[in-house]
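Student: Mind looking over this structure? Questions follow.
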Amino acid sequence: MTKSNSLVAMDLATSLHPSTDARALEKTGPLIMDRGEGIYVYDTDGKQYIEGLAGLWSVAVGFSEKRLAEAAMKQMEKLPFYHIFFSKSHEPSIRLSDKLIEMADDPRLSRVFYTNSGSEANDTVIKLVWYMNNALGRPKKKKFLARQRAYHGITIGAGSLTALPANHKDFDLPVIPVIHLTCPYYYRLAKDGETEAEFTHRLLVEVEDTILREGPETIAAFIGEPVMGGGGVFPPPQGYWRGIEALCRKYDILLVADEVITGFGRLGTAFAFKKYGFSPDIVTVSKQITSSYMPLGAVLFGEALYNVVADNSHKIGTFGHGFTASAHPVVTAVALENLKIIEECDLIGNAARLEAPFQNGLRQLAELPFVGDVRGLGLLAALELVADKRSKCPFSEAGRVGALAMQIAHEQGLILRAIGDTLALCPPLIVTEDQVREIIERMRRILTLTI
Ligand code: PLP
């Protein structure tokens, strides 16, 4: 038995994989990755792949950044673990908070709370917001507004904010009070002849009607991914975020930007809220904060929320929330070095510069039969495949063509993600213009072989 065969057998005998059809996997076995180099990963047979999804939308600096290994080792040798509970702290956590606030560069964002993942960051938001409203004597103000097709994570709280059937059905979610509004999915949900501005207006009317129907005194927060990712990559229509921000201010509702995918340069700006020109009250981040070399999430928020929490915790003697590894010193040291690399190598600028070749190149693939929509911005994009371009009619067996395309993509040495029949791409921010061209070439080949 070869090394990879025996690993496949061991994996199948012992593992349960996230978001995977377990019985289907038993037939094919997993694709086992062995090592990484730049934007490439190699499987145990030595086959090279372009990592077109940056792992899980998350590896900004590529798969072989030695400086992150060195930062981890240095911190491991100095202080491998300490926590920041019970009035303790440590230097990497302090310096990282300072860096995050500097990068956010918004007077509304001046405080940081650390978690181990994006899901925990969004769970923390729910608890912070509820805690705040309890402290302010408004116990009814607890509901969240989110959107259909949102992905905010999979824990009980964040999973409730998520609105994808696979994450709800059979898990008895949602369990927190959340209202899922229309997804800003212009290609499918705009009416015939409706402009982007008209579509935005309709969505904003729905939000305001919902707030008035439920009562503003019951709505705590609106949470959204500035560009929705895991649900199918949906950039919002023109004017959407400014409109949502205005409604949140009008009705005293906190605006939460889930920047777990978009944070740290994905759209060619440090954060997506900069690109759309709005100012959230709370921002959650994870993934590219460490390029996913280490697990880390964070919640950024401002003095108003901080002061309510601080006053209340003083009354009851504690702010009773946090994780053993919140602000882990090795993880925060790696995050700091990762953010330093992003700045020194101008990876945010690289995403901005490569937006045109990447997005325009992919849009040229819309000439192929069955490519119904190509959407995205920065280094984040999706192609939606349809049975009939004119009617936008989807394929009869949803997801079959997407799964086939993903399989062919693997054969062609490109990792992408099929979300039903939508193919998502999100390469590492270190990608070069030549590599962007190569990704587009491979996509053309994959699409031609698929349909
Ligand atoms: N929020 C968004 C927008 C995400 O895309 C994800 C993960 O993909 C999460 C939250 C959850 O992050 P994690 O998987 O680290 O819990």
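Identifiers in the structure tokens: chain A, B, ... in order shown; residue index from 1 per chain; ligand index from 1 in order shown.
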List the spatial neighbours of segment 374-383 of chain A as an NGL selection string - criterion: any atom at most 9 Å away, only C-alpha atoms, same-chain residues fewer than 5 positions off excluded.
Tutor: :A and (53 or 57 or 227 or 229 or 232-235 or 262 or 265-269 or 351-356 or 358-359 or 362-366 or 421-429)
Student: Can you write just those residues out, N, CA and C atoms, as a CSV table (one decimal), in the first residue's frame?
Tutor:
```csv
chain,number,residue,atom,x,y,z
A,53,LEU,N,-8.9,29.1,-4.0
A,53,LEU,CA,-9.8,29.6,-2.9
A,53,LEU,C,-9.0,30.0,-1.7
A,57,TRP,N,-10.9,30.7,1.8
A,57,TRP,CA,-10.9,32.2,1.6
A,57,TRP,C,-10.0,32.9,2.6
A,227,VAL,N,-19.6,41.7,1.3
A,227,VAL,CA,-19.9,40.9,0.1
A,227,VAL,C,-20.1,39.5,0.6
A,229,GLY,N,-20.1,35.6,1.0
A,229,GLY,CA,-19.2,34.7,0.5
A,229,GLY,C,-19.7,33.3,0.3
A,232,GLY,N,-22.7,32.1,-1.9
A,232,GLY,CA,-22.6,32.2,-3.4
A,232,GLY,C,-21.9,33.4,-3.9
A,233,VAL,N,-21.3,34.2,-3.1
A,233,VAL,CA,-20.5,35.4,-3.5
A,233,VAL,C,-21.5,36.4,-4.1
A,234,PHE,N,-22.0,37.3,-3.3
A,234,PHE,CA,-23.0,38.3,-3.7
A,234,PHE,C,-22.5,39.7,-3.4
A,235,PRO,N,-21.9,40.5,-4.3
A,235,PRO,CA,-21.6,41.9,-4.0
A,235,PRO,C,-22.9,42.6,-3.9
A,262,THR,N,-13.7,39.3,4.0
A,262,THR,CA,-13.3,40.5,3.3
A,262,THR,C,-12.2,41.3,4.0
A,265,GLY,N,-7.8,43.1,3.1
A,265,GLY,CA,-7.4,43.3,1.7
A,265,GLY,C,-8.1,42.5,0.6
A,266,ARG,N,-9.0,41.7,0.9
A,266,ARG,CA,-9.6,40.8,-0.1
A,266,ARG,C,-10.2,41.7,-1.3
A,267,LEU,N,-10.8,42.8,-0.9
A,267,LEU,CA,-11.4,43.7,-2.0
A,267,LEU,C,-10.5,44.8,-2.4
A,268,GLY,N,-9.3,44.8,-2.0
A,268,GLY,CA,-8.3,45.9,-2.4
A,268,GLY,C,-8.4,47.1,-1.4
A,269,THR,N,-9.1,46.9,-0.3
A,269,THR,CA,-9.1,47.9,0.8
A,269,THR,C,-8.9,47.1,2.1
A,351,ALA,N,-4.1,43.4,-4.5
A,351,ALA,CA,-5.5,43.0,-4.7
A,351,ALA,C,-6.2,44.1,-5.6
A,352,ALA,N,-6.0,45.4,-5.2
A,352,ALA,CA,-6.6,46.5,-5.9
A,352,ALA,C,-6.1,46.5,-7.4
A,353,ARG,N,-4.8,46.3,-7.6
A,353,ARG,CA,-4.2,46.4,-8.9
A,353,ARG,C,-4.7,45.2,-9.8
A,354,LEU,N,-4.9,44.1,-9.2
A,354,LEU,CA,-5.2,42.9,-10.0
A,354,LEU,C,-6.7,42.7,-10.1
A,355,GLU,N,-7.5,43.6,-9.5
A,355,GLU,CA,-9.0,43.5,-9.6
A,355,GLU,C,-9.4,43.5,-11.1
A,356,ALA,N,-8.9,44.5,-11.8
A,356,ALA,CA,-9.3,44.6,-13.2
A,356,ALA,C,-8.9,43.3,-14.1
A,358,PHE,N,-8.3,40.3,-13.1
A,358,PHE,CA,-9.0,39.2,-12.6
A,358,PHE,C,-10.5,39.2,-12.9
A,359,GLN,N,-11.1,40.3,-12.6
A,359,GLN,CA,-12.6,40.4,-12.8
A,359,GLN,C,-12.9,40.5,-14.3
A,362,LEU,N,-12.4,37.1,-16.0
A,362,LEU,CA,-13.4,36.1,-15.7
A,362,LEU,C,-14.7,36.5,-16.4
A,363,ARG,N,-15.0,37.8,-16.5
A,363,ARG,CA,-16.2,38.2,-17.2
A,363,ARG,C,-16.2,37.8,-18.7
A,364,GLN,N,-15.0,37.7,-19.2
A,364,GLN,CA,-14.9,37.2,-20.6
A,364,GLN,C,-15.4,35.8,-20.8
A,365,LEU,N,-15.4,35.0,-19.7
A,365,LEU,CA,-15.9,33.7,-19.7
A,365,LEU,C,-17.4,33.6,-19.8
A,366,ALA,N,-18.0,34.8,-19.6
A,366,ALA,CA,-19.5,34.8,-19.8
A,366,ALA,C,-20.0,34.5,-21.2
A,421,ASP,N,-24.3,25.2,-8.2
A,421,ASP,CA,-23.7,25.3,-9.5
A,421,ASP,C,-23.0,26.7,-9.7
A,422,THR,N,-22.6,27.3,-8.6
A,422,THR,CA,-21.8,28.5,-8.6
A,422,THR,C,-20.4,28.1,-8.2
A,423,LEU,N,-19.4,28.6,-9.0
A,423,LEU,CA,-18.0,28.3,-8.8
A,423,LEU,C,-17.3,29.5,-8.2
A,424,ALA,N,-16.8,29.4,-7.0
A,424,ALA,CA,-16.2,30.5,-6.3
A,424,ALA,C,-14.7,30.5,-6.4
A,425,LEU,N,-14.1,31.7,-6.6
A,425,LEU,CA,-12.6,31.8,-6.7
A,425,LEU,C,-12.2,32.9,-5.7
A,426,CYS,N,-11.1,32.8,-5.1
A,426,CYS,CA,-10.6,33.7,-4.1
A,426,CYS,C,-9.1,33.4,-3.8
A,427,PRO,N,-8.2,33.7,-4.8
A,427,PRO,CA,-6.8,33.3,-4.7
A,427,PRO,C,-6.1,34.1,-3.6
A,428,PRO,N,-5.0,33.5,-3.1
A,428,PRO,CA,-4.2,34.3,-2.1
A,428,PRO,C,-3.8,35.7,-2.6
A,429,LEU,N,-3.7,36.6,-1.7
A,429,LEU,CA,-3.4,38.0,-2.1
A,429,LEU,C,-2.0,38.2,-2.7
```
Student: Residues at most 9 Å from Ala220 of chain A, counting only C-alpha atoms, excluding those fewer than 6 positions away in the same chain, as a list in words?
Tutor: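 These residues fall inside the cut-off: Val129, Trp130, Asn133, Lys140, Lys141, Lys142, Lys143, Phe144, Leu145, Asp252, Ile253 and Leu254 of chain A.
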Student: Which of these residues is nearest to ligand 1, using only C-alpha atoms and all ligand atoms: A:Gly263, A:Pro237, A:Pro107, A:Gly215?
Tutor: A:Gly263
Student: Please extract the residues of segment 333-408 of chain A with a backbone DSSP assignment of alpha helix (DSSP H) and present them as number ranges by chain.
Tutor: A: 333-344, 347-364, 400-408
Student: Skip segment 330-337 of chain A itself and residues of its chain fewer than 3 positions away, then list as a list in words all residues within 7 Å of it, counting only C-alpha atoms.
Tutor: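 Here the qualifying residues turn out to be Leu68, Ala71, Ala72, Gln75, Met76, Pro80, Pro92, Ser93, Leu96, Ile289, Thr290, Met294, Leu296, Ala327, Lys340 and Ile341 of chain A.
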